[in-house]
Structures are given as structure tokens and as C-alpha cells.
file structure.txt (compact mmCIF, C-alpha atoms)
# COMPACT_ATOMS: atom_id res chain seq x y z
CA MET A 1 0.00 0.00 0.00
CA THR A 2 2.87 2.36 0.86
CA ARG A 3 4.54 1.72 -2.51
CA SER A 4 1.24 2.30 -4.29
CA ARG A 5 0.74 5.65 -2.55
CA LEU A 6 4.33 6.62 -3.31
CA ALA A 7 3.82 5.80 -6.99
CA VAL A 8 0.63 7.87 -7.09
CA ALA A 9 2.39 10.77 -5.37
CA LEU A 10 5.25 10.64 -7.89
CA VAL A 11 2.80 10.59 -10.80
CA VAL A 12 0.90 13.57 -9.38
CA LEU A 13 4.17 15.45 -8.83
CA ALA A 14 5.28 14.74 -12.39
CA ALA A 15 1.89 15.91 -13.71
CA VAL A 16 2.14 19.14 -11.72
CA LEU A 17 5.66 19.80 -13.02
CA MET A 18 4.50 19.23 -16.59
CA LEU A 19 1.37 21.37 -16.25
CA ALA A 20 3.03 24.24 -14.38
CA PRO A 21 4.50 25.95 -17.49
CA LEU A 22 1.16 25.63 -19.32
CA LEU A 23 -0.77 27.10 -16.39
CA TRP A 24 1.78 29.90 -16.12
CA VAL A 25 1.34 30.78 -19.81
CA LEU A 26 -2.45 30.71 -19.44
CA ALA A 27 -2.32 32.96 -16.36
CA LEU A 28 -0.03 35.45 -18.09
CA SER A 29 -2.38 35.60 -21.07
CA LEU A 30 -5.18 36.75 -18.75
CA LYS A 31 -3.24 39.67 -17.29
CA ALA A 32 -3.07 43.25 -18.49
CA ASN A 33 0.19 44.03 -20.29
CA SER A 34 0.68 47.19 -18.23
CA GLU A 35 0.73 45.17 -15.02
CA LEU A 36 3.11 42.56 -16.41
CA MET A 37 5.54 45.26 -17.51
CA THR A 38 5.75 46.37 -13.89
CA ASP A 39 6.04 42.96 -12.28
CA THR A 40 5.24 39.47 -13.60
CA ALA A 41 4.44 38.42 -10.03
CA SER A 42 1.18 40.32 -10.45
CA VAL A 43 -0.08 37.20 -12.18
CA PHE A 44 -0.95 35.84 -8.72
CA ASN A 45 -3.51 38.53 -7.90
CA GLY A 46 -7.16 38.17 -8.86
CA ARG A 47 -7.47 40.90 -11.51
CA TYR A 48 -7.67 39.06 -14.81
CA THR A 49 -8.87 40.23 -18.21
CA LEU A 50 -9.67 38.92 -21.69
CA GLU A 51 -8.29 42.03 -23.34
CA ASN A 52 -5.36 40.16 -24.88
CA TYR A 53 -7.71 37.71 -26.57
CA ARG A 54 -9.93 40.56 -27.79
CA ASN A 55 -6.89 42.22 -29.33
CA LEU A 56 -5.90 38.95 -30.95
CA PHE A 57 -9.31 38.38 -32.52
CA GLY A 58 -9.46 42.04 -33.49
CA ASN A 59 -6.97 41.22 -36.23
CA GLY A 60 -9.19 39.97 -39.06
CA ALA A 61 -6.27 38.17 -40.71
CA VAL A 62 -6.18 35.69 -37.80
CA PHE A 63 -9.26 33.89 -39.07
CA ARG A 64 -7.69 33.57 -42.52
CA TRP A 65 -4.55 32.14 -40.93
CA ILE A 66 -6.63 29.65 -38.97
CA LEU A 67 -8.39 28.55 -42.15
CA ASN A 68 -5.05 28.12 -43.91
CA SER A 69 -3.67 26.05 -41.03
CA LEU A 70 -6.77 23.85 -40.99
CA ILE A 71 -6.64 23.24 -44.74
CA VAL A 72 -2.94 22.44 -44.68
CA SER A 73 -3.14 20.26 -41.56
CA PHE A 74 -6.16 18.24 -42.66
CA GLY A 75 -4.88 17.95 -46.23
CA MET A 76 -1.48 16.72 -45.11
CA THR A 77 -2.99 14.31 -42.58
CA ALA A 78 -5.37 12.79 -45.13
CA GLY A 79 -2.61 12.45 -47.71
CA VAL A 80 -0.17 10.82 -45.30
CA LEU A 81 -2.79 8.34 -44.06
CA VAL A 82 -3.73 7.28 -47.59
CA LEU A 83 -0.18 6.97 -48.89
CA ALA A 84 1.29 5.39 -45.76
CA SER A 85 -1.55 2.82 -45.55
CA LEU A 86 -1.15 1.81 -49.19
CA ALA A 87 2.64 1.66 -48.94
CA GLY A 88 2.49 -0.24 -45.65
CA TYR A 89 0.11 -2.80 -47.13
CA GLY A 90 2.33 -3.23 -50.17
CA PHE A 91 5.51 -3.73 -48.17
CA ALA A 92 3.86 -6.05 -45.64
CA ARG A 93 1.62 -8.19 -47.85
CA LEU A 94 2.79 -8.12 -51.46
CA GLU A 95 5.76 -9.89 -52.99
CA PHE A 96 7.64 -7.95 -55.68
CA ARG A 97 11.19 -7.59 -56.88
CA GLY A 98 13.30 -5.15 -54.89
CA ARG A 99 10.76 -4.84 -52.09
CA ASP A 100 13.26 -5.07 -49.23
CA ILE A 101 15.72 -2.70 -50.89
CA LEU A 102 12.97 -0.18 -51.56
CA PHE A 103 11.81 -0.43 -47.94
CA VAL A 104 15.35 0.32 -46.74
CA VAL A 105 15.48 3.33 -49.07
CA VAL A 106 12.23 4.61 -47.57
CA LEU A 107 13.58 4.18 -44.06
CA LEU A 108 16.73 6.08 -45.01
CA GLY A 109 14.43 9.06 -45.35
CA LEU A 110 14.27 9.12 -41.55
CA ALA A 111 17.97 9.96 -41.48
CA VAL A 112 17.73 12.90 -43.90
CA PRO A 113 17.10 16.18 -42.03
CA GLU A 114 14.71 18.65 -43.60
CA GLN A 115 17.44 21.28 -43.59
CA ALA A 116 19.46 19.20 -46.06
CA VAL A 117 16.80 19.41 -48.79
CA ILE A 118 15.16 22.76 -48.08
CA ILE A 119 17.08 24.65 -50.80
CA ALA A 120 16.36 22.03 -53.47
CA ARG A 121 12.70 21.93 -52.40
CA HIS A 122 12.42 25.71 -52.57
CA GLN A 123 13.98 25.79 -56.04
CA MET A 124 11.71 23.01 -57.27
CA PHE A 125 8.52 24.73 -56.13
CA SER A 126 9.79 28.05 -57.47
CA TRP A 127 10.41 26.48 -60.88
CA LEU A 128 6.89 25.03 -60.83
CA GLY A 129 5.45 28.38 -59.73
CA MET A 130 3.64 26.78 -56.80
CA HIS A 131 4.68 28.98 -53.91
CA ASN A 132 1.88 30.79 -52.06
CA SER A 133 -0.51 27.92 -52.69
CA TYR A 134 -1.99 25.10 -50.63
CA PRO A 135 -0.30 22.34 -52.68
CA ALA A 136 3.08 23.91 -51.96
CA LEU A 137 2.36 23.83 -48.23
CA ILE A 138 0.91 20.30 -48.24
CA LEU A 139 2.88 18.21 -50.73
CA PRO A 140 6.30 18.20 -48.96
CA GLY A 141 4.66 16.82 -45.84
CA LEU A 142 3.30 13.78 -47.69
CA SER A 143 6.76 12.25 -47.60
CA ALA A 144 6.42 10.38 -44.32
CA PRO A 145 8.92 7.52 -43.87
CA PHE A 146 7.86 7.02 -40.26
CA GLY A 147 4.26 6.61 -41.35
CA VAL A 148 5.20 3.98 -43.91
CA PHE A 149 7.25 2.13 -41.30
CA LEU A 150 4.45 2.27 -38.71
CA MET A 151 1.77 1.00 -41.10
CA THR A 152 4.07 -1.70 -42.47
CA GLN A 153 4.70 -3.05 -38.98
CA TYR A 154 0.99 -3.08 -38.18
CA PHE A 155 0.07 -4.87 -41.37
CA ARG A 156 2.82 -7.42 -40.78
CA ALA A 157 1.42 -8.14 -37.32
CA ILE A 158 -1.97 -9.14 -38.77
CA PRO A 159 -2.15 -12.92 -39.47
CA LYS A 160 -1.89 -13.73 -43.18
CA ASP A 161 -4.58 -16.36 -42.75
CA ILE A 162 -7.10 -13.55 -43.23
CA ASP A 163 -5.72 -12.82 -46.69
CA GLU A 164 -5.60 -16.46 -47.70
CA ALA A 165 -9.16 -17.14 -46.59
CA ALA A 166 -10.43 -14.05 -48.42
CA LEU A 167 -8.54 -14.96 -51.59
CA LEU A 168 -10.09 -18.43 -51.54
CA ASP A 169 -13.51 -16.75 -51.32
CA GLY A 170 -12.70 -14.75 -54.43
CA ALA A 171 -11.97 -11.38 -52.82
CA SER A 172 -9.66 -9.00 -54.65
CA ARG A 173 -6.52 -7.55 -53.12
CA PHE A 174 -8.16 -4.15 -52.82
CA THR A 175 -11.21 -5.66 -51.10
CA ILE A 176 -8.94 -7.42 -48.62
CA PHE A 177 -7.05 -4.20 -47.97
CA TRP A 178 -10.09 -1.92 -47.74
CA LYS A 179 -12.67 -4.07 -45.95
CA LEU A 180 -10.65 -6.55 -43.90
CA LEU A 181 -7.21 -5.24 -43.01
CA LEU A 182 -7.55 -1.46 -42.94
CA PRO A 183 -10.20 -1.44 -40.16
CA LEU A 184 -7.80 -3.46 -37.99
CA THR A 185 -5.19 -0.69 -38.17
CA VAL A 186 -7.39 2.13 -36.82
CA PRO A 187 -5.22 2.68 -33.68
CA ALA A 188 -2.10 3.03 -35.82
CA GLN A 189 -3.88 5.34 -38.25
CA ALA A 190 -5.21 7.50 -35.43
CA THR A 191 -1.75 7.80 -33.90
CA LEU A 192 -0.15 8.61 -37.24
CA GLY A 193 -2.92 11.07 -38.02
CA ILE A 194 -2.48 12.91 -34.71
CA PHE A 195 1.30 13.15 -35.09
CA THR A 196 0.95 14.35 -38.68
CA PHE A 197 -1.68 16.92 -37.72
CA LEU A 198 0.50 18.19 -34.87
CA HIS A 199 3.50 18.48 -37.17
CA ALA A 200 1.53 20.30 -39.86
CA TRP A 201 -0.16 22.67 -37.41
CA ASN A 202 3.07 23.59 -35.62
CA ASP A 203 5.29 23.72 -38.71
CA TYR A 204 6.91 27.11 -39.08
CA TRP A 205 9.97 26.85 -41.27
CA TRP A 206 8.56 25.63 -44.60
CA PRO A 207 5.42 27.87 -44.49
CA LEU A 208 7.73 30.79 -43.68
CA ILE A 209 9.73 30.07 -46.86
CA SER A 210 6.90 29.11 -49.18
CA ALA A 211 4.15 31.53 -48.13
CA THR A 212 5.27 35.10 -48.75
CA ASN A 213 1.75 36.38 -49.34
CA LYS A 214 0.08 37.39 -46.07
CA GLN A 215 -3.17 35.78 -47.22
CA MET A 216 -1.40 32.39 -47.38
CA PHE A 217 0.24 32.58 -43.95
CA THR A 218 -0.48 29.70 -41.61
CA LEU A 219 -1.28 30.53 -37.98
CA THR A 220 2.30 30.02 -36.77
CA VAL A 221 3.79 32.31 -39.42
CA GLY A 222 0.99 34.85 -39.09
CA ILE A 223 1.33 35.13 -35.33
CA ALA A 224 5.11 35.42 -35.63
CA SER A 225 4.71 38.20 -38.19
CA THR A 226 2.81 40.29 -35.62
CA GLN A 227 5.49 39.95 -32.96
CA MET A 228 8.61 41.39 -34.61
CA ASN A 229 10.94 40.91 -31.62
CA PHE A 230 10.22 40.55 -27.92
CA ALA A 231 10.99 44.17 -27.06
CA GLN A 232 8.62 45.46 -29.73
CA THR A 233 5.63 43.22 -29.11
CA GLU A 234 2.38 44.56 -27.75
CA GLY A 235 3.16 42.98 -24.40
CA LEU A 236 3.96 39.75 -22.62
CA GLY A 237 0.30 38.99 -21.99
CA PHE A 238 -0.49 39.37 -25.68
CA LEU A 239 2.36 36.99 -26.53
CA MET A 240 1.03 34.41 -24.12
CA ALA A 241 -2.50 34.78 -25.50
CA GLN A 242 -1.11 33.99 -28.95
CA ALA A 243 0.66 30.93 -27.58
CA VAL A 244 -2.52 29.66 -25.90
CA PHE A 245 -4.59 30.30 -29.01
CA ALA A 246 -2.13 28.46 -31.27
CA GLY A 247 -1.80 25.50 -28.91
CA ALA A 248 -5.47 25.01 -27.97
CA PRO A 249 -6.44 23.02 -31.11
CA MET A 250 -3.65 20.53 -30.42
CA LEU A 251 -4.94 19.94 -26.91
CA ILE A 252 -8.46 19.40 -28.24
CA VAL A 253 -7.25 16.92 -30.86
CA TYR A 254 -5.29 14.97 -28.26
CA LEU A 255 -8.19 14.82 -25.80
CA PHE A 256 -10.49 13.37 -28.46
CA PHE A 257 -8.03 10.78 -29.79
CA GLN A 258 -5.89 9.89 -26.78
CA LYS A 259 -7.52 6.45 -26.43
CA TYR A 260 -6.28 5.52 -29.90
CA ILE A 261 -2.74 6.55 -28.97
CA VAL A 262 -2.89 4.31 -25.90
CA GLN A 263 -4.23 1.43 -28.02
CA ALA A 264 -1.51 1.89 -30.60
CA VAL A 265 1.27 1.98 -28.01
CA ALA A 266 -0.18 -1.01 -26.17
CA GLY A 267 -0.56 -2.90 -29.43
CA ALA A 268 2.97 -2.16 -30.50
CA ALA A 269 4.30 -3.24 -27.10
CA GLY A 270 2.31 -6.46 -27.29
CA ARG A 271 3.88 -7.29 -30.63
call {"tool": "encode", "arguments": {"input": "structure.txt", "output": "C-alpha cells"}}
result
Amino acid sequence: MTRSRLAVALVVLAAVLMLAPLLWVLALSLKANSELMTDTASVFNGRYTLENYRNLFGNGAVFRWILNSLIVSFGMTAGVLVLASLAGYGFARLEFRGRDILFVVVLLGLAVPEQAVIIARHQMFSWLGMHNSYPALILPGLSAPFGVFLMTQYFRAIPKDIDEAALLDGASRFTIFWKLLLPLTVPAQATLGIFTFLHAWNDYWWPLISATNKQMFTLTVGIASTQMNFAQTEGLGFLMAQAVFAGAPMLIVYLFFQKYIVQAVAGAAGR
């Protein structure tokens, strides 16, 4: 019983330590900038305000940036799920020449940092005249070696007896993939989808390079464009309100899909 209580206490302590910075940011976002300029300790008194959030929403471009981020994030997530599922099924279930070598080549993509290809990517999209467009913001993110690896491992873990029985019944490969195997990989797809959405929503570097038109800014680039540097911002509270606003959708997504992440991790551990 003592060990159990100690474990619970340690978990609670760890949770408090992890939540403390988030609560601090939230509290700062609810304080008047004039008070924070005098003393940040004023965050502990009871005078809070939504003025920072009103100022944030007072910028009409924010809603355009939110729309851009949603389009890019959902588009990239859908594309990665489709391509990674098809590639994972092919690598796990189909026999073709050079399959293992091709799989290794895909995995080598995990070792290539984005910084190493950013110039070539920029030149390619410039030559195609695609900058300041949704395809330019979405297409680079569809290259997801981790997603292919994750889906391949999940498909490999599914008994091949399912395929053989379905083939004997006259089912096509696509029917087997779509109706039998794909539903069994929902935890993996949910996990991959969440990670992809998080990456797309929080991505700053490529949208900063590709989107030079203010109307095509994503939320991260748009918010950064209003800040200039720390000394010239409209105030610490306004900065924190921007941080809360940009991070809130990620928290909502996680709360809705956390059970799938747990299932995926548990499933992977069991295998």
C-alpha cells in the first residue's frame, strides 16, 4: 500500500511539473500588459482580463490564418494516411522484386534532415510556380517515412490467414485491404494522423519560406509576423495569448483521440 501511494504521489508530482508551465502561460495571457511590464508576479492577484484575446481576434487576418492552417493540416494528414496505408500494405503483404531494398530506401528518409533538402525543395517549387498555394504547403509533408514504417509493422502483425481465406472466397486484393485489413489498423492510423496533424499545425519553417503572401500565412507564421521581436511586441500577456490560441487546437485533438494513442502503443508493445 505504501509503494502504491508513493507511486501515485510521484505521478501527481510529475503531472504538476509538466502542467506548471502551461498554467503559467495561461495565467499570463489573462493579465493586463501594463501590469506585467511592472512585475510578472502580479499574475498571482485576482485581476484578470480577456483584453489580450480581444486584441488577438481584433486582427481579421487571424481567421484567414486559422483557415489556412486547418486546410494544410487536414490535407497533409489525409494524404499521409492514404499513402502510408497503401505503402504499408504493399511492403507487408505483397511480394515484388526489390521490395526489401525499396523499404530500406524509404527508411533512409528518416535519417535525412529537412534542412538538407530545403534549398532544393524551394527551387523546385519556385520552378513550378507553386509557392503561395496550398499544394506547396501540403505536398512536402506527404513524404512520411515514419508513417510507412508504422503502417508496415501493423500490417505485418496481422495474421496472413485472413488474406488467404479471403482470396479463396474470391476477394480481390483491394477488397482485402479496404474491408478486412484497414479497419484493424485504426489505432495506428489514429496515432499517425495525430502526429501528422501536430506536425503540420506547428510547422513554421517551410510555411515561412513558401508563403510570402500574407493571405497564405499559416497561424504560426501569421502570429510570428505580428510579434517582430520581444521588445517590440504589444506585451507579454499578448504573446502568451497567442501561444494559448495556437496550442489550444492541439490539446483538443489529443483529448479526443488519446484512447487511440494508448491502443496503438499497447498494441505495438504487445507485438
call {"tool": "closest_atom_pairs", "arguments": {"input": "structure.txt", "of": "region 161-229 of chain A", "to": "region 61-65 of chain A", "cutoff": "8 Å", "atoms": "only C-alpha atoms", "output": "JSON lines"}}
result
{"residue": "A:Gln215", "atom": "CA", "partner": "A:Arg64", "partner_atom": "CA", "distance": 6.9}
{"residue": "A:Met216", "atom": "CA", "partner": "A:Trp65", "partner_atom": "CA", "distance": 7.2}
{"residue": "A:Phe217", "atom": "CA", "partner": "A:Trp65", "partner_atom": "CA", "distance": 5.7}
{"residue": "A:Thr218", "atom": "CA", "partner": "A:Trp65", "partner_atom": "CA", "distance": 4.8}
{"residue": "A:Leu219", "atom": "CA", "partner": "A:Trp65", "partner_atom": "CA", "distance": 4.7}
{"residue": "A:Gly222", "atom": "CA", "partner": "A:Trp65", "partner_atom": "CA", "distance": 6.4}
{"residue": "A:Ile223", "atom": "CA", "partner": "A:Val62", "partner_atom": "CA", "distance": 7.9}
call {"tool": "residues_around", "arguments": {"input": "structure.txt", "residues": "Leu83 (chain A)", "least_positions_apart": "4", "cutoff": "8 Å", "atoms": "all atoms listed in the file", "output": "VMD selection string"}}
result
chain A and resid 79 87 142 148
call {"tool": "write_last_selection", "arguments": {"input": "structure.txt", "atoms": "C-alpha atoms", "output": "short mmCIF file (atom, residue, chain, number, x, y, z; two decimals), in the coordinates of the input"}}
result
data_model
loop_
_atom_site.label_atom_id
_atom_site.label_comp_id
_atom_site.auth_asym_id
_atom_site.auth_seq_id
_atom_site.Cartn_x
_atom_site.Cartn_y
_atom_site.Cartn_z
CA GLY A 79 -2.61 12.45 -47.71
CA ALA A 87 2.64 1.66 -48.94
CA LEU A 142 3.30 13.78 -47.69
CA VAL A 148 5.20 3.98 -43.91
#
call {"tool": "closest_residue", "arguments": {"input": "structure.txt", "among": "A:Trp24, A:Tyr53, A:Phe44, A:Phe74", "to": "Leu198 (chain A)", "atoms": "all atoms listed in the file"}}
result
A:Phe74
call {"tool": "closest_residue", "arguments": {"input": "structure.txt", "among": "A:Gly129, A:Pro21, A:Gly147, A:Gly75", "to": "Val106 (chain A)", "atoms": "all atoms listed in the file"}}
result
A:Gly147
call {"tool": "residues_around", "arguments": {"input": "structure.txt", "residues": "Ala32 (chain A)", "least_positions_apart": "3", "cutoff": "9 Å", "atoms": "all atoms listed in the file", "output": "PyMOL selection string"}}
result
chain A and resi 28-29+35-37+47-52+235-238
call {"tool": "decode", "arguments": {"input": "structure.txt", "residues": "region 149-163 of chain A", "atoms": "all heavy atoms", "output": "PDB file, in the first residue's frame"}}
result
ATOM      1  N   PHE A 149       6.710   3.142 -42.205  1.00  0.00           N
ATOM      2  CA  PHE A 149       7.247   2.132 -41.296  1.00  0.00           C
ATOM      3  C   PHE A 149       6.192   1.667 -40.299  1.00  0.00           C
ATOM      4  O   PHE A 149       6.021   0.462 -40.069  1.00  0.00           O
ATOM      5  CB  PHE A 149       8.459   2.699 -40.559  1.00  0.00           C
ATOM      6  CG  PHE A 149       8.981   1.805 -39.469  1.00  0.00           C
ATOM      7  CD1 PHE A 149       9.715   0.675 -39.781  1.00  0.00           C
ATOM      8  CD2 PHE A 149       8.720   2.087 -38.133  1.00  0.00           C
ATOM      9  CE1 PHE A 149      10.193  -0.161 -38.767  1.00  0.00           C
ATOM     10  CE2 PHE A 149       9.186   1.268 -37.130  1.00  0.00           C
ATOM     11  CZ  PHE A 149       9.926   0.136 -37.450  1.00  0.00           C
ATOM     12  N   LEU A 150       5.473   2.611 -39.703  1.00  0.00           N
ATOM     13  CA  LEU A 150       4.454   2.267 -38.708  1.00  0.00           C
ATOM     14  C   LEU A 150       3.368   1.392 -39.315  1.00  0.00           C
ATOM     15  O   LEU A 150       2.990   0.361 -38.736  1.00  0.00           O
ATOM     16  CB  LEU A 150       3.842   3.549 -38.142  1.00  0.00           C
ATOM     17  CG  LEU A 150       2.705   3.360 -37.119  1.00  0.00           C
ATOM     18  CD1 LEU A 150       3.233   2.692 -35.856  1.00  0.00           C
ATOM     19  CD2 LEU A 150       2.069   4.708 -36.776  1.00  0.00           C
ATOM     20  N   MET A 151       2.849   1.767 -40.471  1.00  0.00           N
ATOM     21  CA  MET A 151       1.774   1.002 -41.098  1.00  0.00           C
ATOM     22  C   MET A 151       2.275  -0.355 -41.575  1.00  0.00           C
ATOM     23  O   MET A 151       1.543  -1.353 -41.504  1.00  0.00           O
ATOM     24  CB  MET A 151       1.171   1.791 -42.248  1.00  0.00           C
ATOM     25  CG  MET A 151       0.504   3.098 -41.845  1.00  0.00           C
ATOM     26  SD  MET A 151      -0.724   2.911 -40.519  1.00  0.00           S
ATOM     27  CE  MET A 151      -1.898   1.794 -41.291  1.00  0.00           C
ATOM     28  N   THR A 152       3.505  -0.409 -42.043  1.00  0.00           N
ATOM     29  CA  THR A 152       4.072  -1.698 -42.466  1.00  0.00           C
ATOM     30  C   THR A 152       4.141  -2.669 -41.301  1.00  0.00           C
ATOM     31  O   THR A 152       3.766  -3.842 -41.421  1.00  0.00           O
ATOM     32  CB  THR A 152       5.479  -1.498 -43.058  1.00  0.00           C
ATOM     33  OG1 THR A 152       5.406  -0.647 -44.208  1.00  0.00           O
ATOM     34  CG2 THR A 152       6.085  -2.827 -43.476  1.00  0.00           C
ATOM     35  N   GLN A 153       4.598  -2.186 -40.158  1.00  0.00           N
ATOM     36  CA  GLN A 153       4.698  -3.052 -38.984  1.00  0.00           C
ATOM     37  C   GLN A 153       3.328  -3.522 -38.521  1.00  0.00           C
ATOM     38  O   GLN A 153       3.164  -4.663 -38.093  1.00  0.00           O
ATOM     39  CB  GLN A 153       5.408  -2.300 -37.850  1.00  0.00           C
ATOM     40  CG  GLN A 153       6.858  -1.959 -38.146  1.00  0.00           C
ATOM     41  CD  GLN A 153       7.663  -3.206 -38.499  1.00  0.00           C
ATOM     42  OE1 GLN A 153       8.042  -3.406 -39.658  1.00  0.00           O
ATOM     43  NE2 GLN A 153       7.935  -4.033 -37.520  1.00  0.00           N
ATOM     44  N   TYR A 154       2.337  -2.674 -38.598  1.00  0.00           N
ATOM     45  CA  TYR A 154       0.989  -3.075 -38.183  1.00  0.00           C
ATOM     46  C   TYR A 154       0.390  -4.096 -39.132  1.00  0.00           C
ATOM     47  O   TYR A 154      -0.255  -5.063 -38.699  1.00  0.00           O
ATOM     48  CB  TYR A 154       0.073  -1.842 -38.065  1.00  0.00           C
ATOM     49  CG  TYR A 154      -0.147  -1.448 -36.630  1.00  0.00           C
ATOM     50  CD1 TYR A 154       0.821  -0.725 -35.935  1.00  0.00           C
ATOM     51  CD2 TYR A 154      -1.309  -1.812 -35.955  1.00  0.00           C
ATOM     52  CE1 TYR A 154       0.620  -0.373 -34.608  1.00  0.00           C
ATOM     53  CE2 TYR A 154      -1.511  -1.467 -34.633  1.00  0.00           C
ATOM     54  CZ  TYR A 154      -0.543  -0.750 -33.964  1.00  0.00           C
ATOM     55  OH  TYR A 154      -0.739  -0.422 -32.657  1.00  0.00           O
ATOM     56  N   PHE A 155       0.587  -3.896 -40.408  1.00  0.00           N
ATOM     57  CA  PHE A 155       0.070  -4.865 -41.372  1.00  0.00           C
ATOM     58  C   PHE A 155       0.787  -6.207 -41.234  1.00  0.00           C
ATOM     59  O   PHE A 155       0.172  -7.267 -41.397  1.00  0.00           O
ATOM     60  CB  PHE A 155       0.212  -4.336 -42.802  1.00  0.00           C
ATOM     61  CG  PHE A 155      -0.883  -3.395 -43.220  1.00  0.00           C
ATOM     62  CD1 PHE A 155      -0.606  -2.075 -43.537  1.00  0.00           C
ATOM     63  CD2 PHE A 155      -2.201  -3.826 -43.305  1.00  0.00           C
ATOM     64  CE1 PHE A 155      -1.617  -1.203 -43.917  1.00  0.00           C
ATOM     65  CE2 PHE A 155      -3.221  -2.971 -43.681  1.00  0.00           C
ATOM     66  CZ  PHE A 155      -2.922  -1.658 -43.994  1.00  0.00           C
ATOM     67  N   ARG A 156       2.065  -6.175 -40.947  1.00  0.00           N
ATOM     68  CA  ARG A 156       2.821  -7.420 -40.781  1.00  0.00           C
ATOM     69  C   ARG A 156       2.347  -8.196 -39.554  1.00  0.00           C
ATOM     70  O   ARG A 156       2.432  -9.427 -39.522  1.00  0.00           O
ATOM     71  CB  ARG A 156       4.309  -7.111 -40.654  1.00  0.00           C
ATOM     72  CG  ARG A 156       4.993  -6.790 -41.978  1.00  0.00           C
ATOM     73  CD  ARG A 156       6.461  -6.461 -41.771  1.00  0.00           C
ATOM     74  NE  ARG A 156       7.141  -6.234 -43.053  1.00  0.00           N
ATOM     75  CZ  ARG A 156       8.375  -5.780 -43.182  1.00  0.00           C
ATOM     76  NH1 ARG A 156       9.083  -5.492 -42.081  1.00  0.00           N
ATOM     77  NH2 ARG A 156       8.908  -5.616 -44.362  1.00  0.00           N
ATOM     78  N   ALA A 157       1.862  -7.478 -38.541  1.00  0.00           N
ATOM     79  CA  ALA A 157       1.419  -8.138 -37.317  1.00  0.00           C
ATOM     80  C   ALA A 157       0.068  -8.828 -37.479  1.00  0.00           C
ATOM     81  O   ALA A 157      -0.306  -9.656 -36.643  1.00  0.00           O
ATOM     82  CB  ALA A 157       1.355  -7.139 -36.170  1.00  0.00           C
ATOM     83  N   ILE A 158      -0.664  -8.518 -38.528  1.00  0.00           N
ATOM     84  CA  ILE A 158      -1.969  -9.142 -38.766  1.00  0.00           C
ATOM     85  C   ILE A 158      -1.756 -10.506 -39.423  1.00  0.00           C
ATOM     86  O   ILE A 158      -1.026 -10.615 -40.409  1.00  0.00           O
ATOM     87  CB  ILE A 158      -2.837  -8.255 -39.669  1.00  0.00           C
ATOM     88  CG1 ILE A 158      -3.071  -6.891 -39.010  1.00  0.00           C
ATOM     89  CG2 ILE A 158      -4.171  -8.926 -39.978  1.00  0.00           C
ATOM     90  CD1 ILE A 158      -3.788  -5.894 -39.895  1.00  0.00           C
ATOM     91  N   PRO A 159      -2.354 -11.575 -38.899  1.00  0.00           N
ATOM     92  CA  PRO A 159      -2.149 -12.922 -39.475  1.00  0.00           C
ATOM     93  C   PRO A 159      -2.502 -12.965 -40.960  1.00  0.00           C
ATOM     94  O   PRO A 159      -3.515 -12.413 -41.397  1.00  0.00           O
ATOM     95  CB  PRO A 159      -3.103 -13.795 -38.650  1.00  0.00           C
ATOM     96  CG  PRO A 159      -3.296 -13.045 -37.370  1.00  0.00           C
ATOM     97  CD  PRO A 159      -3.231 -11.595 -37.720  1.00  0.00           C
ATOM     98  N   LYS A 160      -1.657 -13.623 -41.739  1.00  0.00           N
ATOM     99  CA  LYS A 160      -1.892 -13.730 -43.175  1.00  0.00           C
ATOM    100  C   LYS A 160      -3.005 -14.714 -43.512  1.00  0.00           C
ATOM    101  O   LYS A 160      -3.425 -14.809 -44.665  1.00  0.00           O
ATOM    102  CB  LYS A 160      -0.607 -14.154 -43.878  1.00  0.00           C
ATOM    103  CG  LYS A 160       0.453 -13.053 -43.895  1.00  0.00           C
ATOM    104  CD  LYS A 160       1.624 -13.424 -44.785  1.00  0.00           C
ATOM    105  CE  LYS A 160       2.617 -12.272 -44.878  1.00  0.00           C
ATOM    106  NZ  LYS A 160       3.760 -12.578 -45.766  1.00  0.00           N
ATOM    107  N   ASP A 161      -3.461 -15.444 -42.504  1.00  0.00           N
ATOM    108  CA  ASP A 161      -4.579 -16.361 -42.746  1.00  0.00           C
ATOM    109  C   ASP A 161      -5.809 -15.604 -43.232  1.00  0.00           C
ATOM    110  O   ASP A 161      -6.634 -16.151 -43.985  1.00  0.00           O
ATOM    111  CB  ASP A 161      -4.922 -17.109 -41.449  1.00  0.00           C
ATOM    112  CG  ASP A 161      -3.798 -18.024 -40.999  1.00  0.00           C
ATOM    113  OD1 ASP A 161      -2.902 -18.291 -41.835  1.00  0.00           O
ATOM    114  OD2 ASP A 161      -3.814 -18.475 -39.847  1.00  0.00           O
ATOM    115  N   ILE A 162      -5.961 -14.354 -42.811  1.00  0.00           N
ATOM    116  CA  ILE A 162      -7.096 -13.547 -43.235  1.00  0.00           C
ATOM    117  C   ILE A 162      -7.058 -13.346 -44.744  1.00  0.00           C
ATOM    118  O   ILE A 162      -8.065 -13.501 -45.443  1.00  0.00           O
ATOM    119  CB  ILE A 162      -7.102 -12.197 -42.503  1.00  0.00           C
ATOM    120  CG1 ILE A 162      -7.252 -12.410 -40.992  1.00  0.00           C
ATOM    121  CG2 ILE A 162      -8.208 -11.283 -43.033  1.00  0.00           C
ATOM    122  CD1 ILE A 162      -7.177 -11.136 -40.179  1.00  0.00           C
ATOM    123  N   ASP A 163      -5.879 -13.013 -45.253  1.00  0.00           N
ATOM    124  CA  ASP A 163      -5.723 -12.816 -46.694  1.00  0.00           C
ATOM    125  C   ASP A 163      -6.016 -14.091 -47.466  1.00  0.00           C
ATOM    126  O   ASP A 163      -6.724 -14.080 -48.482  1.00  0.00           O
ATOM    127  CB  ASP A 163      -4.300 -12.350 -47.013  1.00  0.00           C
ATOM    128  CG  ASP A 163      -3.913 -11.077 -46.282  1.00  0.00           C
ATOM    129  OD1 ASP A 163      -4.042 -11.041 -45.046  1.00  0.00           O
ATOM    130  OD2 ASP A 163      -3.486 -10.132 -46.961  1.00  0.00           O
TER     131      ASP A 163
END
